[in-house]
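Student: As input, take work-v1.pdb (PDB, C-alpha atoms):
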```
ATOM      1  CA  HIS A   1     -56.735 -55.145 -21.309
ATOM      2  CA  ARG A   2     -55.982 -52.266 -18.969
ATOM      3  CA  GLN A   3     -54.450 -54.481 -16.255
ATOM      4  CA  ALA A   4     -52.282 -56.225 -18.846
ATOM      5  CA  LYS A   5     -51.078 -52.826 -20.043
ATOM      6  CA  GLY A   6     -50.239 -51.845 -16.463
ATOM      7  CA  ALA A   7     -48.057 -54.964 -16.231
ATOM      8  CA  GLU A   8     -46.542 -54.275 -19.661
ATOM      9  CA  TYR A   9     -45.491 -50.753 -18.711
ATOM     10  CA  ILE A  10     -43.779 -51.891 -15.510
ATOM     11  CA  ILE A  11     -41.797 -54.509 -17.482
ATOM     12  CA  CYS A  12     -40.713 -51.771 -19.895
ATOM     13  CA  ASP A  13     -39.480 -49.685 -16.955
ATOM     14  CA  ILE A  14     -37.562 -52.693 -15.570
ATOM     15  CA  LEU A  15     -35.699 -53.072 -18.862
ATOM     16  CA  LYS A  16     -35.046 -49.328 -19.104
ATOM     17  CA  GLU A  17     -33.604 -49.233 -15.605
ATOM     18  CA  ALA A  18     -31.362 -52.231 -16.332
ATOM     19  CA  ASP A  19     -30.296 -51.122 -19.805
ATOM     20  CA  PRO A  20     -27.364 -48.840 -18.774
ATOM     21  CA  HIS A  21     -25.934 -51.471 -16.418
ATOM     22  CA  TYR A  22     -26.507 -54.871 -18.046
ATOM     23  CA  ARG A  23     -24.699 -56.296 -21.089
ATOM     24  CA  LEU A  24     -25.611 -59.235 -23.308
ATOM     25  CA  ARG A  25     -22.865 -61.419 -24.755
ATOM     26  CA  ALA A  26     -22.370 -60.501 -28.431
ATOM     27  CA  GLU A  27     -20.254 -62.100 -31.133
ATOM     28  CA  ASN A  28     -19.134 -58.908 -32.879
ATOM     29  CA  TYR A  29     -18.939 -56.602 -29.835
ATOM     30  CA  PRO A  30     -16.293 -57.646 -27.266
ATOM     31  CA  GLY A  31     -17.825 -55.536 -24.516
ATOM     32  CA  GLY A  32     -21.288 -56.917 -25.109
ATOM     33  CA  LEU A  33     -24.431 -54.984 -25.947
ATOM     34  CA  PRO A  34     -27.114 -53.413 -23.732
ATOM     35  CA  ILE A  35     -30.650 -54.707 -23.938
ATOM     36  CA  SER A  36     -31.790 -51.857 -26.179
ATOM     37  CA  ARG A  37     -29.139 -52.703 -28.808
ATOM     38  CA  ALA A  38     -29.526 -56.494 -28.919
ATOM     39  CA  MET A  39     -30.882 -56.317 -32.486
ATOM     40  CA  LEU A  40     -27.417 -55.308 -33.734
ATOM     41  CA  ASP A  41     -25.956 -58.765 -33.102
ATOM     42  CA  MET A  42     -27.649 -62.109 -33.709
ATOM     43  CA  THR A  43     -25.959 -63.789 -30.731
ATOM     44  CA  ALA A  44     -27.072 -61.034 -28.362
ATOM     45  CA  TYR A  45     -30.561 -61.047 -29.837
ATOM     46  CA  ALA A  46     -30.854 -64.822 -29.400
ATOM     47  CA  ASN A  47     -29.821 -64.475 -25.749
ATOM     48  CA  LEU A  48     -32.552 -61.911 -25.110
ATOM     49  CA  ASN A  49     -35.493 -63.985 -23.933
ATOM     50  CA  ASP A  50     -37.903 -64.239 -21.003
ATOM     51  CA  THR A  51     -35.104 -65.209 -18.617
ATOM     52  CA  ILE A  52     -33.789 -61.629 -18.668
ATOM     53  CA  ILE A  53     -36.081 -60.676 -15.778
ATOM     54  CA  ASP A  54     -34.842 -63.581 -13.621
ATOM     55  CA  THR A  55     -31.239 -62.722 -14.492
ATOM     56  CA  ILE A  56     -31.691 -59.109 -13.403
ATOM     57  CA  ARG A  57     -33.467 -60.175 -10.212
ATOM     58  CA  SER A  58     -30.688 -62.565  -9.150
ATOM     59  CA  SER A  59     -27.834 -60.168  -9.962
ATOM     60  CA  THR A  60     -25.642 -58.870  -7.118
ATOM     61  CA  GLU A  61     -24.810 -55.634  -8.959
ATOM     62  CA  SER A  62     -25.879 -52.634  -6.864
ATOM     63  CA  SER A  63     -26.500 -50.657 -10.056
ATOM     64  CA  LEU A  64     -29.485 -52.921 -10.785
ATOM     65  CA  SER A  65     -31.188 -52.232  -7.457
ATOM     66  CA  ARG A  66     -33.849 -49.949  -8.958
ATOM     67  CA  ALA A  67     -34.720 -52.532 -11.603
ATOM     68  CA  GLN A  68     -34.875 -55.199  -8.868
ATOM     69  CA  ASP A  69     -37.260 -53.039  -6.831
ATOM     70  CA  LEU A  70     -39.575 -52.842  -9.840
ATOM     71  CA  ILE A  71     -39.343 -56.618 -10.321
ATOM     72  CA  GLU A  72     -40.372 -57.124  -6.700
ATOM     73  CA  ARG A  73     -43.307 -54.783  -7.247
ATOM     74  CA  TYR A  74     -44.225 -56.700 -10.411
ATOM     75  CA  GLU A  75     -44.144 -60.051  -8.630
ATOM     76  CA  GLN A  76     -46.397 -58.645  -5.915
ATOM     77  CA  ARG A  77     -48.826 -57.692  -8.713
ATOM     78  CA  MET A  78     -48.587 -54.026  -7.805
ATOM     79  CA  PHE A  79     -48.958 -53.024 -11.446
ATOM     80  CA  TYR A  80     -49.259 -49.433 -12.558
ATOM     81  CA  LYS A  81     -52.783 -48.257 -11.830
ATOM     82  CA  PHE A  82     -55.262 -47.595 -14.595
ATOM     83  CA  VAL A  83     -56.761 -44.148 -13.953
ATOM     84  CA  ILE A  84     -59.215 -43.249 -16.708
ATOM     85  CA  SER A  85     -60.119 -43.856 -20.343
ATOM     86  CA  ILE A  86     -61.234 -40.856 -22.388
ATOM     87  CA  GLU A  87     -63.226 -41.754 -25.490
ATOM     88  CA  ILE A  88     -62.302 -39.675 -28.546
ATOM     89  CA  SER A  89     -64.937 -38.736 -31.105
ATOM     90  CA  HIS A  90     -64.276 -38.944 -34.850
ATOM     91  CA  ASP A  91     -66.335 -35.808 -35.364
ATOM     92  CA  LYS A  92     -63.861 -32.988 -35.992
ATOM     93  CA  ASP A  93     -66.346 -30.541 -34.494
ATOM     94  CA  ASP A  94     -66.358 -32.487 -31.224
ATOM     95  CA  ALA A  95     -64.114 -30.988 -28.543
ATOM     96  CA  THR A  96     -62.607 -34.366 -27.659
ATOM     97  CA  SER A  97     -60.969 -34.545 -31.102
ATOM     98  CA  LEU A  98     -58.641 -31.778 -29.898
ATOM     99  CA  LEU A  99     -57.312 -34.106 -27.205
ATOM    100  CA  TRP A 100     -56.168 -36.663 -29.781
ATOM    101  CA  GLU A 101     -54.025 -34.058 -31.567
ATOM    102  CA  LYS A 102     -51.883 -33.456 -28.480
ATOM    103  CA  ASP A 103     -48.718 -35.526 -28.040
ATOM    104  CA  GLU A 104     -48.117 -37.586 -24.911
ATOM    105  CA  GLU A 105     -45.569 -35.249 -23.317
ATOM    106  CA  ALA A 106     -47.824 -32.218 -23.825
ATOM    107  CA  ILE A 107     -50.696 -34.089 -22.175
ATOM    108  CA  LYS A 108     -48.505 -34.892 -19.156
ATOM    109  CA  MET A 109     -47.522 -31.259 -18.714
ATOM    110  CA  GLU A 110     -51.110 -30.049 -19.047
ATOM    111  CA  LEU A 111     -52.299 -32.565 -16.469
ATOM    112  CA  CYS A 112     -49.650 -31.339 -14.033
ATOM    113  CA  LYS A 113     -50.890 -27.788 -14.543
ATOM    114  CA  MET A 114     -54.474 -28.573 -13.621
ATOM    115  CA  HIS A 115     -55.609 -26.475 -10.648
ATOM    116  CA  VAL A 116     -56.678 -29.388  -8.467
ATOM    117  CA  SER A 117     -55.032 -30.475  -5.266
ATOM    118  CA  HIS A 118     -55.304 -33.159  -2.629
ATOM    119  CA  ARG A 119     -53.712 -33.362   0.789
ATOM    120  CA  GLY A 120     -51.631 -36.185   2.168
ATOM    121  CA  GLU A 121     -51.899 -37.787   5.583
ATOM    122  CA  GLY A 122     -49.838 -34.953   7.040
ATOM    123  CA  ARG A 123     -52.198 -32.420   5.429
ATOM    124  CA  GLU A 124     -49.442 -31.404   3.012
ATOM    125  CA  LYS A 125     -50.496 -30.509  -0.520
ATOM    126  CA  LEU A 126     -49.965 -33.153  -3.182
ATOM    127  CA  PHE A 127     -48.940 -32.373  -6.719
ATOM    128  CA  LEU A 128     -48.621 -34.409  -9.889
ATOM    129  CA  SER A 129     -45.259 -35.195 -11.463
ATOM    130  CA  PRO A 130     -44.803 -36.138 -15.154
ATOM    131  CA  ILE A 131     -42.726 -39.172 -14.134
ATOM    132  CA  ASP A 132     -45.826 -40.647 -12.463
ATOM    133  CA  ILE A 133     -48.010 -40.320 -15.570
ATOM    134  CA  ILE A 134     -48.248 -42.713 -18.512
ATOM    135  CA  ILE A 135     -50.287 -41.675 -21.554
ATOM    136  CA  GLU A 136     -51.503 -44.303 -24.007
ATOM    137  CA  LYS A 137     -53.259 -43.452 -27.247
ATOM    138  CA  LYS A 138     -55.328 -46.522 -28.076
ATOM    139  CA  GLU A 139     -56.841 -46.993 -31.512
ATOM    140  CA  ILE A 140     -58.720 -50.137 -32.549
ATOM    141  CA  HIS A 141     -60.201 -50.614 -36.018
ATOM    142  CA  HIS A 142     -61.089 -53.311 -38.548
ATOM    143  CA  GLY A 143     -58.231 -52.619 -40.934
ATOM    144  CA  ARG A 144     -59.590 -49.566 -42.757
ATOM    145  CA  LYS A 145     -59.738 -46.991 -39.974
ATOM    146  CA  SER A 146     -63.299 -45.607 -39.902
ATOM    147  CA  LEU A 147     -64.355 -47.322 -43.161
ATOM    148  CA  ASN A 148     -66.270 -50.576 -43.498
ATOM    149  CA  PRO A 149     -63.818 -53.314 -44.595
ATOM    150  CA  VAL A 150     -66.668 -55.388 -46.072
ATOM    151  CA  ASP A 151     -67.040 -52.744 -48.790
ATOM    152  CA  MET A 152     -63.775 -54.064 -50.259
ATOM    153  CA  MET A 153     -65.189 -57.569 -50.618
ATOM    154  CA  ARG A 154     -67.297 -59.028 -53.427
ATOM    155  CA  PHE A 155     -69.907 -61.732 -52.922
ATOM    156  CA  LEU A 156     -71.330 -64.471 -55.129
ATOM    157  CA  PRO A 157     -74.888 -65.766 -54.583
ATOM    158  CA  LYS A 158     -75.137 -69.465 -53.744
ATOM    159  CA  HIS A 159     -77.308 -70.227 -56.749
ATOM    160  CA  GLU A 160     -74.470 -69.157 -59.047
ATOM    161  CA  LEU A 161     -71.806 -71.376 -57.498
ATOM    162  CA  SER A 162     -72.477 -74.061 -60.088
ATOM    163  CA  ARG A 163     -71.259 -71.695 -62.815
ATOM    164  CA  LEU A 164     -67.712 -71.550 -61.409
ATOM    165  CA  ASN A 165     -66.628 -74.497 -63.578
ATOM    166  CA  ARG A 166     -67.678 -72.849 -66.839
ATOM    167  CA  SER A 167     -65.517 -70.978 -69.310
ATOM    168  CA  VAL A 168     -64.146 -67.550 -68.476
ATOM    169  CA  SER A 169     -66.775 -65.750 -70.527
ATOM    170  CA  GLU A 170     -69.557 -67.555 -68.643
ATOM    171  CA  LEU A 171     -68.207 -67.123 -65.104
ATOM    172  CA  PRO A 172     -70.548 -65.342 -62.656
ATOM    173  CA  GLU A 173     -69.706 -61.861 -61.423
ATOM    174  CA  ALA A 174     -69.194 -61.266 -57.695
ATOM    175  CA  ARG A 175     -70.659 -57.966 -56.574
ATOM    176  CA  GLN A 176     -70.422 -55.613 -53.637
ATOM    177  CA  GLN A 177     -73.315 -55.927 -51.218
ATOM    178  CA  SER A 178     -75.276 -53.039 -49.797
ATOM    179  CA  GLU A 179     -74.959 -52.452 -46.058
ATOM    180  CA  ASP A 180     -78.747 -52.665 -45.818
ATOM    181  CA  LYS A 181     -78.509 -56.430 -46.322
ATOM    182  CA  TYR A 182     -76.444 -56.942 -43.178
ATOM    183  CA  LYS A 183     -77.113 -53.807 -41.157
ATOM    184  CA  SER A 184     -78.007 -55.814 -38.052
ATOM    185  CA  SER A 185     -74.402 -57.084 -37.958
ATOM    186  CA  ILE A 186     -72.680 -53.750 -38.512
ATOM    187  CA  PRO A 187     -71.025 -52.146 -35.455
ATOM    188  CA  GLN A 188     -71.900 -48.578 -34.579
ATOM    189  CA  ALA A 189     -68.322 -47.553 -35.365
ATOM    190  CA  PHE A 190     -65.468 -49.267 -37.182
ATOM    191  CA  ASN A 191     -62.772 -47.302 -35.415
ATOM    192  CA  GLU A 192     -62.495 -46.655 -31.676
ATOM    193  CA  ARG A 193     -60.061 -44.159 -30.216
ATOM    194  CA  ALA A 194     -59.329 -43.464 -26.590
ATOM    195  CA  ILE A 195     -56.684 -41.850 -24.427
ATOM    196  CA  ARG A 196     -55.903 -44.062 -21.450
ATOM    197  CA  ILE A 197     -53.976 -42.752 -18.468
ATOM    198  CA  PHE A 198     -51.962 -44.869 -16.021
ATOM    199  CA  CYS A 199     -50.175 -43.893 -12.814
ATOM    200  CA  ARG A 200     -46.781 -45.219 -11.706
ATOM    201  CA  ASN A 201     -47.188 -43.926  -8.156
ATOM    202  CA  PRO A 202     -48.974 -46.550  -6.005
ATOM    203  CA  ASP A 203     -50.234 -43.898  -3.567
ATOM    204  CA  LYS A 204     -54.043 -43.937  -3.804
ATOM    205  CA  LYS A 205     -54.222 -40.191  -3.145
ATOM    206  CA  ILE A 206     -51.959 -39.504  -6.125
ATOM    207  CA  VAL A 207     -54.089 -41.820  -8.277
ATOM    208  CA  ASP A 208     -57.217 -39.943  -7.174
ATOM    209  CA  LEU A 209     -55.520 -36.621  -7.832
ATOM    210  CA  LEU A 210     -54.592 -37.721 -11.353
ATOM    211  CA  TYR A 211     -58.158 -38.907 -11.945
ATOM    212  CA  HIS A 212     -59.671 -35.541 -10.996
ATOM    213  CA  ALA A 213     -56.980 -33.672 -12.924
ATOM    214  CA  SER A 214     -57.860 -35.746 -16.010
ATOM    215  CA  LEU A 215     -61.538 -34.869 -15.703
ATOM    216  CA  GLN A 216     -60.648 -31.195 -15.282
ATOM    217  CA  TRP A 217     -58.280 -31.377 -18.269
ATOM    218  CA  VAL A 218     -61.051 -32.732 -20.514
ATOM    219  CA  GLU A 219     -63.526 -30.071 -19.394
ATOM    220  CA  ASP A 220     -61.003 -27.253 -19.777
ATOM    221  CA  THR A 221     -60.068 -28.440 -23.265
ATOM    222  CA  LYS A 222     -63.725 -28.481 -24.270
ATOM    223  CA  ARG A 223     -64.043 -24.891 -23.086
ATOM    224  CA  GLY A 224     -60.854 -23.882 -24.866
ATOM    225  CA  PHE A 225     -59.170 -23.115 -21.548
ATOM    226  CA  HIS A 226     -55.448 -23.646 -20.932
ATOM    227  CA  ALA A 227     -53.884 -23.693 -17.473
ATOM    228  CA  PRO A 228     -51.467 -20.780 -16.999
ATOM    229  CA  ASP A 229     -47.811 -21.692 -16.670
ATOM    230  CA  SER A 230     -47.634 -19.733 -13.410
ATOM    231  CA  TRP A 231     -49.463 -22.529 -11.619
ATOM    232  CA  ILE A 232     -46.573 -24.913 -11.924
ATOM    233  CA  GLU A 233     -42.983 -24.787 -13.030
ATOM    234  CA  MET A 234     -40.487 -27.520 -13.749
ATOM    235  CA  GLU A 235     -36.865 -27.300 -12.673
ATOM    236  CA  GLU A 236     -34.051 -29.696 -13.500
ATOM    237  CA  VAL A 237     -32.330 -30.770 -10.299
ATOM    238  CA  GLY A 238     -29.857 -33.317 -11.711
ATOM    239  CA  ASP A 239     -28.943 -36.578 -10.064
ATOM    240  CA  ALA A 240     -29.980 -35.277  -6.638
ATOM    241  CA  ALA A 241     -33.595 -36.015  -7.578
ATOM    242  CA  GLY A 242     -32.755 -39.638  -8.257
ATOM    243  CA  ASP A 243     -34.364 -39.528 -11.729
ATOM    244  CA  ASP A 244     -31.966 -38.016 -14.236
ATOM    245  CA  MET A 245     -33.539 -37.779 -17.681
ATOM    246  CA  GLY A 246     -30.161 -36.878 -19.140
ATOM    247  CA  ALA A 247     -28.559 -40.044 -17.770
ATOM    248  CA  TYR A 248     -30.346 -42.288 -20.253
ATOM    249  CA  ASP A 249     -29.429 -39.991 -23.159
ATOM    250  CA  ARG A 250     -25.771 -40.007 -22.096
ATOM    251  CA  HIS A 251     -25.919 -43.799 -21.760
ATOM    252  CA  ILE A 252     -27.289 -44.155 -25.306
ATOM    253  CA  ALA A 253     -24.573 -41.820 -26.640
ATOM    254  CA  ASN A 254     -21.831 -43.830 -24.901
ATOM    255  CA  VAL A 255     -23.218 -47.109 -26.185
ATOM    256  CA  SER A 256     -23.445 -45.698 -29.708
ATOM    257  CA  GLN A 257     -19.794 -44.679 -29.598
ATOM    258  CA  GLU A 258     -18.785 -48.109 -28.311
ATOM    259  CA  ILE A 259     -20.791 -49.778 -31.057
ATOM    260  CA  ASN A 260     -19.077 -47.601 -33.664
ATOM    261  CA  ASP A 261     -15.658 -48.612 -32.347
ATOM    262  CA  HIS A 262     -16.427 -52.322 -32.749
ATOM    263  CA  THR A 263     -18.730 -52.460 -35.757
ATOM    264  CA  PRO A 264     -17.188 -54.785 -38.402
ATOM    265  CA  PRO A 265     -16.254 -53.123 -41.750
ATOM    266  CA  ARG A 266     -18.640 -53.275 -44.718
ATOM    267  CA  ARG A 267     -21.598 -53.590 -42.384
ATOM    268  CA  ARG A 268     -24.459 -51.146 -42.440
ATOM    269  CA  VAL A 269     -26.594 -50.790 -39.338
ATOM    270  CA  THR A 270     -29.655 -48.611 -39.545
ATOM    271  CA  ASN A 271     -32.195 -48.091 -36.802
ATOM    272  CA  ARG A 272     -34.457 -45.120 -36.180
ATOM    273  CA  ASN A 273     -33.527 -44.852 -32.510
ATOM    274  CA  THR A 274     -29.880 -45.932 -32.675
ATOM    275  CA  THR A 275     -27.002 -45.041 -34.985
ATOM    276  CA  GLN A 276     -26.442 -45.227 -38.698
ATOM    277  CA  VAL A 277     -23.075 -46.693 -39.644
ATOM    278  CA  SER A 278     -21.577 -46.063 -43.062
ATOM    279  CA  ALA A 279     -20.394 -49.223 -44.845
ATOM    280  CA  ASP A 280     -17.499 -47.363 -46.497
ATOM    281  CA  THR A 281     -16.227 -45.014 -43.807
ATOM    282  CA  ASN A 282     -17.444 -46.901 -40.685
ATOM    283  CA  GLN A 283     -18.472 -43.552 -39.201
ATOM    284  CA  ALA A 284     -21.652 -43.093 -37.235
ATOM    285  CA  GLU A 285     -24.305 -40.440 -37.513
ATOM    286  CA  GLU A 286     -26.036 -39.912 -34.191
ATOM    287  CA  MET A 287     -29.776 -40.312 -34.271
ATOM    288  CA  SER A 288     -32.237 -39.014 -31.661
ATOM    289  CA  PRO A 289     -32.428 -41.512 -28.774
ATOM    290  CA  VAL A 290     -35.700 -42.418 -27.151
ATOM    291  CA  ARG A 291     -36.174 -40.581 -23.880
ATOM    292  CA  PRO A 292     -37.166 -42.662 -20.892
ATOM    293  CA  THR A 293     -40.432 -41.896 -19.197
ATOM    294  CA  ARG A 294     -38.645 -41.155 -15.932
ATOM    295  CA  GLY A 295     -36.870 -37.889 -15.322
ATOM    296  CA  PRO A 296     -35.608 -35.415 -12.735
ATOM    297  CA  THR A 297     -38.347 -33.038 -11.741
ATOM    298  CA  ASN A 298     -39.187 -30.730  -8.928
ATOM    299  CA  LEU A 299     -42.634 -29.191  -8.805
ATOM    300  CA  PHE A 300     -43.213 -25.676  -7.546
ATOM    301  CA  HIS A 301     -46.630 -24.207  -6.873
ATOM    302  CA  ALA A 302     -47.370 -20.557  -7.492
ATOM    303  CA  ASN A 303     -47.371 -19.876  -3.759
ATOM    304  CA  GLY A 304     -43.814 -21.153  -3.428
ATOM    305  CA  GLU A 305     -44.627 -24.487  -1.823
ATOM    306  CA  THR A 306     -42.866 -27.555  -3.167
ATOM    307  CA  ASN A 307     -43.540 -31.249  -3.014
TER
END
```
Could you express the structure from this file as structure tokens?
Tutor:
Amino acid sequence: HRQAKGAEYIICDILKEADPHYRLRAENYPGGLPISRAMLDMTAYANLNDTIIDTIRSSTESSLSRAQDLIERYEQRMFYKFVISIEISHDKDDATSLLWEKDEEAIKMELCKMHVSHRGEGREKLFLSPIDIIIEKKEIHHGRKSLNPVDMMRFLPKHELSRLNRSVSELPEARQQSEDKYKSSIPQAFNERAIRIFCRNPDKKIVDLLYHASLQWVEDTKRGFHAPDSWIEMEEVGDAAGDDMGAYDRHIANVSQEINDHTPPRRRVTNRNTTQVSADTNQAEEMSPVRPTRGPTNLFHANGETN
């Protein structure tokens, strides 16, 4: 459900904000483990339960203030706003199929480049920021993508059920049934795909701006049009922006090093988003950490105005 997903995404952001500053007690790691590395120690993993949100909320650590602000927003039911759902066709000749091929970060950047603008209460121009946009690729099917799962089943007529107790050579044969026999029960499609867009910013004008940018993005993609990069540029501004994308990467690197220093010998830890520890040499090979969805950005319009 779209409202449930809005709540889910805000909980994910709470845990991401708390991850660099909160440690779980761990048996094999004296300094404890962050939330994102709880799976490396059974004691830490067992301590990671629903009470983590209450623990973060009641903490007096100033470093958890941003996570606490999100918890307050969550408790006030100010979930991230659902903006739009874009249905994706399975027909490769349909223009919407091109949208599905784009990755989430590319979609964010293209939305920010859309040549649509709104004005705030002070008549200033409003612009979209990637940190306000959440892209979800939703795919629902019956287990076989676009194929009918009933085709993999075999059916036995009721009048042959009495033959099930006979010898192997006399057993009845179950057969595949034609779709014509149950066509009134077949859905129009076995696989549904959609791109759903959510907005972190609670400002209604930003939500409206993202909605119109999404509509423009779909139409431009259908026409094979791409927004020129001159419309908008991104510039890293470091910690001054309050959202440092590099901070989370540096945090993951520091945690990985700490884990390597305390990993017991003869233990192999493998995780796609963490580190791989050799059982013989106890050395770690750095893997690519997951980037947070928040990051330092500053948006510049072609005319030199900034947000």
Student: Kindly resolve the PyMOL selection byres ((chain A and resi 147-155) around 10) on the present coordinates and return the residues as a list in words.
Tutor: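 When the PyMOL selection byres ((chain A and resi 147-155) around 10) is applied to the shown file, the picked residues are His141, His142, Gly143, Arg144, Lys145, Ser146, Leu156, Pro157, Lys158, Glu173, Ala174, Arg175, Gln176, Gln177, Ser178, Glu179, Ile186, Pro187, Ala189, Phe190 and Asn191 of chain A.
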Student: With stretch 105-117 of chain A as the partner and 12 Å as the cut-off, tabulate the residues of stretch 133-208 of chain A that qualify, each row holding the nearest pair of atoms and their distance in Å to one decimal, using all atoms listed in the file, sorted by chain and rising number, as a Markdown table.
Tutor:
```
| residue | atom | partner | partner_atom | distance |
| --- | --- | --- | --- | --- |
| A:Ile133 | CA | A:Lys108 | CA | 6.5 |
| A:Ile134 | CA | A:Lys108 | CA | 7.9 |
| A:Ile135 | CA | A:Lys108 | CA | 7.4 |
| A:Glu136 | CA | A:Ile107 | CA | 10.4 |
| A:Lys137 | CA | A:Ile107 | CA | 11.0 |
| A:Ile195 | CA | A:Ile107 | CA | 10.1 |
| A:Arg196 | CA | A:Ile107 | CA | 11.3 |
| A:Ile197 | CA | A:Lys108 | CA | 9.6 |
| A:Phe198 | CA | A:Lys108 | CA | 11.0 |
| A:Cys199 | CA | A:Lys108 | CA | 11.1 |
| A:Lys205 | CA | A:Ser117 | CA | 10.0 |
| A:Ile206 | CA | A:Ser117 | CA | 9.6 |
| A:Val207 | CA | A:Ser117 | CA | 11.8 |
| A:Asp208 | CA | A:Ser117 | CA | 9.9 |
```
Student: Which residue gives the smallest distance to A:Asp203 among A:Ser162, A:Lys81, A:Leu215, A:Gln68, with all atoms listed in the file counted?
Tutor: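 So, comparing all the options, the nearest one is A:Lys81.
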Student: Tell me which of A:Asn49, A:Ser65, A:Asn28, A:Thr96 sits closest to A:Glu219, counting all atoms listed in the file.
Tutor: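 Smallest separation from A:Glu219 among the options: A:Thr96.
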Student: Can you measure atom CA of A:Ile14 to atom CA of A:Leu33 for me? One decimal in Å is fine.
Tutor: 16.9 Å
Student: As an exercise, work out the distance from atom CA of A:Ala213 to atom CA of A:Ser129 in Å and give it to one decimal place.
Tutor: 11.9 Å
Student: Tell me which of A:Ile131, A:Leu48, A:Arg163, A:Leu99 sits closest to A:Ser214, counting only C-alpha atoms.
Tutor: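 The shortest atom-to-atom distance to A:Ser214 comes from A:Leu99.
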Student: For each of A:Phe127, A:Phe79, A:Tyr22, A:Tyr9, take the minimum atom-to-atom distance to A:Glu61, counting all atoms listed in the file, then give the residue where this is smallest.
Tutor: A:Tyr22
Student: Could you name the residues that touch A:Ala4 at 12 Å or less, counting all atoms listed in the file, but leaving out those on the same chain fewer than 3 positions away, as a ChimeraX atom specification?
Tutor: /A:1,7-11,74,77-82,198
Student: Which one is closest to A:Asn47: A:Lys16, A:Arg25, A:Thr60, A:Ala67? Count all atoms listed in the file.
Tutor: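 Using all atoms listed in the file, the shortest distance to A:Asn47 belongs to A:Arg25.
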Student: Take the PyMOL selection byres ((chain A and resi 26) around 10), apply it to the structure above, and return the hits as a ChimeraX atom specification.
Tutor: /A:23-25,27-34,38,40-47
